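To keep things clear, I will list the structure first and then write my remarks on it.
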Amino acid sequence: MGLVVQKYGGSSVADAEGIKRVAKRIVEAKKNGHQVVVVVSAMGDTTDELIDLAEQVSPMPSGREFDMLLTAGERISMALLAMAIKNLGHSAQSFTGSQAGVITDSVHNKARIIDVTPGRIRTALDEGNIAIVAGFQGVSQDKKDITTLGRGGSDTTAVALAAALDAEVCEIYTDVDGVFTADPRVVKKARKIDWIAFEDMLELAASGSKVLLHRCVEYARRYNIPIHVRSSFSGLQGTWVSNEPIQQGDRKVEQAIISGVAHDTSEAKITVVGVPDKPGEAASIFRAIADAEINIDMVVQNVSAASTGLTDISFTLPKTEGRKAIDALEKAKTAIGFDSLRYDDQIGKISLVGAGMKTNPGVTAGFFEALSDAGVNIELISTSEIRISVVTRADDVPEAVRAVHTAFGLDSDSDEAVVYGGTGR
Ligand code: ADP
Ligand code: ASP
Ligand code: MG
């Protein structure tokens with residue numbers, strides 16, 4: 001029996017009952033002979049509540065203090081979980097990210113893990129303990145400041161520890177039974193996926209399927225750590241995310257042509273209006289954005305009107321970076337020479353993901369037909385080898401997701417997908 005890393009999300013430890021339920025599950029794994037490392041998130045919507053609180057105190061809190069505040073959420077749950085486990089007669093020790101050796105760069109609010117030195121975790125395990133680690137946090141290598149890894153970052157902590165400790169598997173416990181063909185909160189007829197390749201899961205995660213964080217899947221692929229996504233509320237098998245298809249009976253699970261439909265309403269669109277249509281303009285716009293350390297997603301440039309020689313450039317970015325991006329562009333306005341900026345945060349993105357797209361020319365047409373039949377207007381389009389995404393009005397997203405899901409034959413004809421907990425926030 002080897003070492004397993006189990007990660008429990010906020011909805012699994014939302015209250016005292018949840019913590020006690022999860023503690024039992026962890027003890028079961030230990031009794032089965034595993035060495036167990038647990039990564040835990042903040043209880044319920046604690047992180048959102050801490051963010052709301054910070055915003056009431058200061059509109060632009062300093063990154064350092066903001067991270068210090070947010071890591072408090074995970075400290076609460078790790079200590080309570082260790083207490084609950086001890087109450088069941090087993091020994092457990094809790095560790096902050098810093099104590100667990102999660103070393104990051106110094107970009108507050110979205111730090112990257114650059115090294116993991118889990119010496120204290122190893123010692124705790126060797127002494128027979130269950131080790132509980134606070135997710136989503138680390139310590140910066142240069143300044144030794146406390147950092148956070150960005151929303152949903154506990155997934156990344158779990159995979160990073162699994163890699164550093166050479167775990168057999170990284171189990172991600174959440175409030176649904178696995179990765180589905182669409183978000184079960186939006187599509188009741190979504191189907192659970194038994195196995196999905198890293199490549200497809202990366203695209204789903206990047207397109208907004210927050211059941212797994214993109215960075216966590218990237219990390220797992222790099223170190224070849226199989227992930228098992230499952231519910232902490234049921235005993236069912238979940239979804240395996242790995243390179244190699246899993247075995248079912250005497251045959252391997254086949255790669256689906258279409259893996260699923262993802263949606264994302266966390267982005268906004270900025271349009272730079274009246275940009276001179278000459279070389280270097282796009283470069284200076286996106287240099288200003290990059291210098292502000294903002295990641296962008298889609299980019300579209302309109303054909304310039306021949307009479308004016310001016311064009312518009314639109315791009316999407318996380319809503320949370322909207323203000324910073326507008327400020328950065330306003331500052332560079334004279335140098336770049338555009339007319340004005342438009343900001344729109346009422347947009348949504350819908351993506352269809354599947355390895356079959358590479359070889360199946362009907363997919364794109366079918367996707368647009370489904371959207372048009374549902375009366376959904378498309379504002380931006382982008383594609384990769386195995387994904388096609390569109391931007392629409394945010395209000396249209398649920399209907400559009402359901403329409404595409406049905407059009408590609410993904411609807412299940414059996415049970416409705418179960419959502420066990422969480423508020424979907
Ligand atoms: P946790 O608190 O456990 O980290 P999250 O809220 O981050 O949980 O992620 C689980 C949620 O992800 C589900 O409740 C579901 O609403 C959402 N989700 C989005 N897309 C999918 C998908 N394709 N399959 C499963 N869940 C999805
Ligand atoms: N508590 C953090 C968040 O809500 C990290 C996580 O849950 O993964 O984003
Ligand atoms: Mg999550």
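Residue numbering restarts at 1 in every chain; chains get A, B, ... in the order shown in the structure tokens, and ligands count up from 1 in that same order.
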
message: Using only C-alpha atoms, which protein or nucleic acid residues come within 10 Å of stretch 264-277 of chain A? Drop anything in the same chain fewer than 5 positions from it, and give the result as a PyMOL selection string.
response: chain A and resi 205-210+282+285+296-301+303-306+308-322+325-326+329+333+336-351+380+391-395+397

Output C-alpha atoms of each residue in that selection to a file, as a PDB file, in the first residue's frame.
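Final output, out-v1.pdb:
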```
ATOM      1  CA  ALA A 205     -10.286  23.310 -17.221  1.00  0.00           C
ATOM      2  CA  ALA A 206      -8.884  26.214 -19.238  1.00  0.00           C
ATOM      3  CA  SER A 207     -12.368  26.795 -20.626  1.00  0.00           C
ATOM      4  CA  GLY A 208     -13.969  27.176 -17.207  1.00  0.00           C
ATOM      5  CA  SER A 209     -14.821  23.680 -15.872  1.00  0.00           C
ATOM      6  CA  LYS A 210     -13.762  24.577 -12.368  1.00  0.00           C
ATOM      7  CA  ALA A 282      -1.302  45.591 -31.154  1.00  0.00           C
ATOM      8  CA  ILE A 285      -1.499  47.456 -26.396  1.00  0.00           C
ATOM      9  CA  ILE A 296      -5.597  37.609 -21.588  1.00  0.00           C
ATOM     10  CA  ASP A 297      -7.671  34.984 -23.344  1.00  0.00           C
ATOM     11  CA  MET A 298      -9.261  35.700 -26.735  1.00  0.00           C
ATOM     12  CA  VAL A 299      -8.186  38.500 -29.104  1.00  0.00           C
ATOM     13  CA  VAL A 300     -10.034  39.837 -32.146  1.00  0.00           C
ATOM     14  CA  GLN A 301      -9.120  42.716 -34.458  1.00  0.00           C
ATOM     15  CA  VAL A 303     -11.038  44.977 -40.395  1.00  0.00           C
ATOM     16  CA  SER A 304     -10.231  48.687 -40.470  1.00  0.00           C
ATOM     17  CA  ALA A 305     -12.581  51.096 -42.205  1.00  0.00           C
ATOM     18  CA  ALA A 306     -10.731  52.206 -45.373  1.00  0.00           C
ATOM     19  CA  THR A 308     -10.483  56.278 -41.435  1.00  0.00           C
ATOM     20  CA  GLY A 309      -7.572  53.834 -41.324  1.00  0.00           C
ATOM     21  CA  LEU A 310      -8.690  53.008 -37.785  1.00  0.00           C
ATOM     22  CA  THR A 311      -9.555  49.631 -36.344  1.00  0.00           C
ATOM     23  CA  ASP A 312     -10.914  48.171 -33.081  1.00  0.00           C
ATOM     24  CA  ILE A 313      -9.182  45.474 -31.039  1.00  0.00           C
ATOM     25  CA  SER A 314     -11.168  43.421 -28.509  1.00  0.00           C
ATOM     26  CA  PHE A 315      -9.838  40.956 -25.967  1.00  0.00           C
ATOM     27  CA  THR A 316     -11.141  39.009 -22.992  1.00  0.00           C
ATOM     28  CA  LEU A 317      -9.570  38.750 -19.551  1.00  0.00           C
ATOM     29  CA  PRO A 318     -10.591  37.764 -16.005  1.00  0.00           C
ATOM     30  CA  LYS A 319     -13.133  40.238 -14.580  1.00  0.00           C
ATOM     31  CA  THR A 320     -10.937  40.504 -11.501  1.00  0.00           C
ATOM     32  CA  GLU A 321      -8.225  42.115 -13.673  1.00  0.00           C
ATOM     33  CA  GLY A 322     -10.600  44.514 -15.464  1.00  0.00           C
ATOM     34  CA  ALA A 325      -6.187  46.583 -17.366  1.00  0.00           C
ATOM     35  CA  ILE A 326      -8.238  49.736 -17.952  1.00  0.00           C
ATOM     36  CA  LEU A 329      -4.297  51.192 -21.049  1.00  0.00           C
ATOM     37  CA  LYS A 333      -3.306  56.058 -24.255  1.00  0.00           C
ATOM     38  CA  ILE A 336      -0.582  54.033 -28.298  1.00  0.00           C
ATOM     39  CA  GLY A 337      -2.930  56.611 -29.846  1.00  0.00           C
ATOM     40  CA  PHE A 338      -6.392  55.012 -29.618  1.00  0.00           C
ATOM     41  CA  ASP A 339      -9.719  56.870 -29.219  1.00  0.00           C
ATOM     42  CA  SER A 340     -11.474  55.200 -26.290  1.00  0.00           C
ATOM     43  CA  LEU A 341     -11.997  52.034 -24.261  1.00  0.00           C
ATOM     44  CA  ARG A 342     -15.179  49.977 -23.807  1.00  0.00           C
ATOM     45  CA  TYR A 343     -15.588  47.558 -20.907  1.00  0.00           C
ATOM     46  CA  ASP A 344     -18.226  44.820 -20.942  1.00  0.00           C
ATOM     47  CA  ASP A 345     -18.546  42.322 -18.092  1.00  0.00           C
ATOM     48  CA  GLN A 346     -21.855  40.801 -19.187  1.00  0.00           C
ATOM     49  CA  ILE A 347     -20.268  38.200 -21.425  1.00  0.00           C
ATOM     50  CA  GLY A 348     -19.953  34.418 -21.198  1.00  0.00           C
ATOM     51  CA  LYS A 349     -17.847  31.834 -22.990  1.00  0.00           C
ATOM     52  CA  ILE A 350     -19.015  28.428 -24.203  1.00  0.00           C
ATOM     53  CA  SER A 351     -16.511  25.822 -25.373  1.00  0.00           C
ATOM     54  CA  LEU A 380     -16.094  36.302 -30.627  1.00  0.00           C
ATOM     55  CA  VAL A 391     -18.288  34.517 -26.531  1.00  0.00           C
ATOM     56  CA  THR A 392     -21.982  35.383 -26.120  1.00  0.00           C
ATOM     57  CA  ARG A 393     -24.125  37.470 -23.776  1.00  0.00           C
ATOM     58  CA  ALA A 394     -23.817  36.060 -20.221  1.00  0.00           C
ATOM     59  CA  ASP A 395     -27.598  35.564 -20.028  1.00  0.00           C
ATOM     60  CA  VAL A 397     -24.922  30.841 -21.481  1.00  0.00           C
TER      61      VAL A 397
END
```

Wanna dump the chain A-ligand 1 contacts at 6 Å for me, each residue with its shortest atom pair and the distance in Å to one decimal, counting only C-alpha atoms and all ligand atoms, ordered by chain and number, as a Markdown table?
```
| residue | atom | partner | partner_atom_place_in_ligand_line | distance |
| --- | --- | --- | --- | --- |
| A:Gly9 | CA | ligand 1 | 3 (O) | 3.3 |
| A:Gly10 | CA | ligand 1 | 2 (O) | 4.1 |
| A:Ser11 | CA | ligand 1 | 2 (O) | 4.8 |
| A:Gly152 | CA | ligand 1 | 7 (O) | 5.8 |
| A:Thr174 | CA | ligand 1 | 3 (O) | 3.6 |
| A:Asp175 | CA | ligand 1 | 14 (O) | 5.3 |
| A:Val176 | CA | ligand 1 | 14 (O) | 5.6 |
| A:Gly178 | CA | ligand 1 | 25 (C) | 5.7 |
| A:Val179 | CA | ligand 1 | 24 (N) | 3.7 |
| A:Phe180 | CA | ligand 1 | 24 (N) | 3.7 |
| A:Thr181 | CA | ligand 1 | 23 (N) | 5.3 |
| A:Ala182 | CA | ligand 1 | 23 (N) | 4.1 |
| A:Asp183 | CA | ligand 1 | 20 (N) | 3.6 |
| A:Pro184 | CA | ligand 1 | 16 (O) | 5.9 |
| A:Arg185 | CA | ligand 1 | 16 (O) | 5.1 |
| A:Ser209 | CA | ligand 1 | 20 (N) | 3.7 |
| A:Lys210 | CA | ligand 1 | 12 (O) | 4.7 |
| A:Val211 | CA | ligand 1 | 9 (O) | 3.6 |
| A:Gly424 | CA | ligand 1 | 16 (O) | 5.6 |
```

- request: Compare A:Glu65, A:Glu74, A:Asp411, A:Asp126 by their minimum atom-to-atom distance to A:Tyr8, counting only C-alpha atoms, and give me the closest one.
  value: A:Glu74

- request: Enumerate residues in contact with ligand 2: an atom-to-atom distance of at most 6 Å, counting only C-alpha atoms and all ligand atoms. Format the result as a PyMOL selection string.
  value: chain A and resi 9-10+41-42+47+136+151-155

- request: Would you list the contacts of A:Ile258 as a PyMOL selection string, taking every protein, DNA or RNA residue within 10 Å and counting only C-alpha atoms, but skipping same-chain residues closer than 4 positions in sequence?
  value: chain A and resi 181+200+352-357+363+386-387+405+408-410

Dump N, CA, C and O atoms for the selected residues as a JSON list (two decimals), in the first residue's frame?
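Below is the file that was written, selection_30.json:
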```
[["chain", "number", "residue", "atom", "x", "y", "z"],
["A", 181, "THR", "N", -19.87, 15.69, -18.55],
["A", 181, "THR", "CA", -19.80, 16.24, -19.91],
["A", 181, "THR", "C", -20.20, 17.71, -19.94],
["A", 181, "THR", "O", -20.04, 18.37, -20.97],
["A", 200, "ASP", "N", -7.46, 16.59, -22.93],
["A", 200, "ASP", "CA", -8.85, 17.07, -22.96],
["A", 200, "ASP", "C", -9.22, 17.77, -21.66],
["A", 200, "ASP", "O", -9.92, 18.78, -21.66],
["A", 352, "LEU", "N", -16.62, 23.84, -26.69],
["A", 352, "LEU", "CA", -16.81, 22.41, -26.95],
["A", 352, "LEU", "C", -15.41, 21.81, -27.05],
["A", 352, "LEU", "O", -14.56, 22.34, -27.77],
["A", 353, "VAL", "N", -15.17, 20.72, -26.30],
["A", 353, "VAL", "CA", -13.83, 20.15, -26.24],
["A", 353, "VAL", "C", -13.87, 18.68, -26.64],
["A", 353, "VAL", "O", -14.73, 17.93, -26.18],
["A", 354, "GLY", "N", -12.94, 18.27, -27.48],
["A", 354, "GLY", "CA", -12.88, 16.85, -27.82],
["A", 354, "GLY", "C", -11.77, 16.54, -28.80],
["A", 354, "GLY", "O", -11.52, 17.29, -29.75],
["A", 355, "ALA", "N", -11.09, 15.42, -28.54],
["A", 355, "ALA", "CA", -9.99, 15.01, -29.41],
["A", 355, "ALA", "C", -10.48, 14.74, -30.83],
["A", 355, "ALA", "O", -9.73, 14.88, -31.79],
["A", 356, "GLY", "N", -11.77, 14.37, -30.95],
["A", 356, "GLY", "CA", -12.33, 14.03, -32.26],
["A", 356, "GLY", "C", -12.40, 15.22, -33.21],
["A", 356, "GLY", "O", -12.61, 15.05, -34.41],
["A", 357, "MET", "N", -12.22, 16.42, -32.67],
["A", 357, "MET", "CA", -12.32, 17.61, -33.51],
["A", 357, "MET", "C", -11.24, 17.67, -34.58],
["A", 357, "MET", "O", -11.43, 18.24, -35.64],
["A", 363, "VAL", "N", -17.86, 19.02, -36.81],
["A", 363, "VAL", "CA", -18.03, 19.49, -35.43],
["A", 363, "VAL", "C", -18.29, 21.00, -35.36],
["A", 363, "VAL", "O", -19.21, 21.45, -34.70],
["A", 386, "ILE", "N", -8.27, 21.04, -30.44],
["A", 386, "ILE", "CA", -9.31, 20.17, -29.89],
["A", 386, "ILE", "C", -10.39, 20.97, -29.14],
["A", 386, "ILE", "O", -11.06, 20.46, -28.26],
["A", 387, "ARG", "N", -10.55, 22.26, -29.48],
["A", 387, "ARG", "CA", -11.55, 23.07, -28.79],
["A", 387, "ARG", "C", -12.08, 24.15, -29.71],
["A", 387, "ARG", "O", -11.34, 24.69, -30.53],
["A", 405, "HIS", "N", -24.92, 20.65, -25.72],
["A", 405, "HIS", "CA", -24.83, 19.34, -25.08],
["A", 405, "HIS", "C", -25.79, 18.35, -25.75],
["A", 405, "HIS", "O", -25.42, 17.21, -26.07],
["A", 408, "PHE", "N", -24.84, 17.42, -29.53],
["A", 408, "PHE", "CA", -23.73, 16.47, -29.74],
["A", 408, "PHE", "C", -23.99, 15.12, -29.07],
["A", 408, "PHE", "O", -23.07, 14.32, -28.87],
["A", 409, "GLY", "N", -25.27, 14.87, -28.73],
["A", 409, "GLY", "CA", -25.66, 13.55, -28.21],
["A", 409, "GLY", "C", -25.05, 13.23, -26.87],
["A", 409, "GLY", "O", -24.82, 12.06, -26.54],
["A", 410, "LEU", "N", -24.76, 14.26, -26.06],
["A", 410, "LEU", "CA", -24.10, 14.01, -24.78],
["A", 410, "LEU", "C", -25.10, 13.77, -23.64],
["A", 410, "LEU", "O", -24.71, 13.33, -22.56]]
```

At most 12 Å is the cut-off: for each residue in stretch 197-222 of chain A with any atom that close to an atom of stretch 139-149 of chain A, write down the nearest atom pair and the distance in Å rounded to one decimal, counting only C-alpha atoms, chain first then increasing number, as a tab-separated table.
```
residue	atom	partner	partner_atom	distance
A:Leu213	CA	A:Leu149	CA	10.8
A:His214	CA	A:Leu149	CA	11.9
A:Arg215	CA	A:Leu149	CA	9.6
A:Cys216	CA	A:Leu149	CA	10.6
```

- prompt: Hey, what's within 12 Å of A:Ala365 if we count only C-alpha atoms and toss same-chain stuff fewer than 3 positions away? As a list in words, please?
  reply: Leu352, Met357, Asn360, Pro361, Gly362, Phe368, Glu369, Ala370, Leu371, Ser372, Ile388, Val404, Ala407 and Phe408 of chain A

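Shortest atom-to-atom contact with ligand 3 among A:Ser98, A:Thr157, A:Thr334, A:Asn129: A:Thr157, counting only C-alpha atoms and all ligand atoms.
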
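Shortest separation to A:Val107 among A:Asp166, A:Ile381, A:Gly63, A:Ile227 occurs at residue A:Gly63, atoms counted being only C-alpha atoms.
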
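Nearest to ligand 3 of all the residues A:Arg191, A:Lys86, A:Arg120, A:Arg425 is A:Arg425, based on only C-alpha atoms and all ligand atoms.
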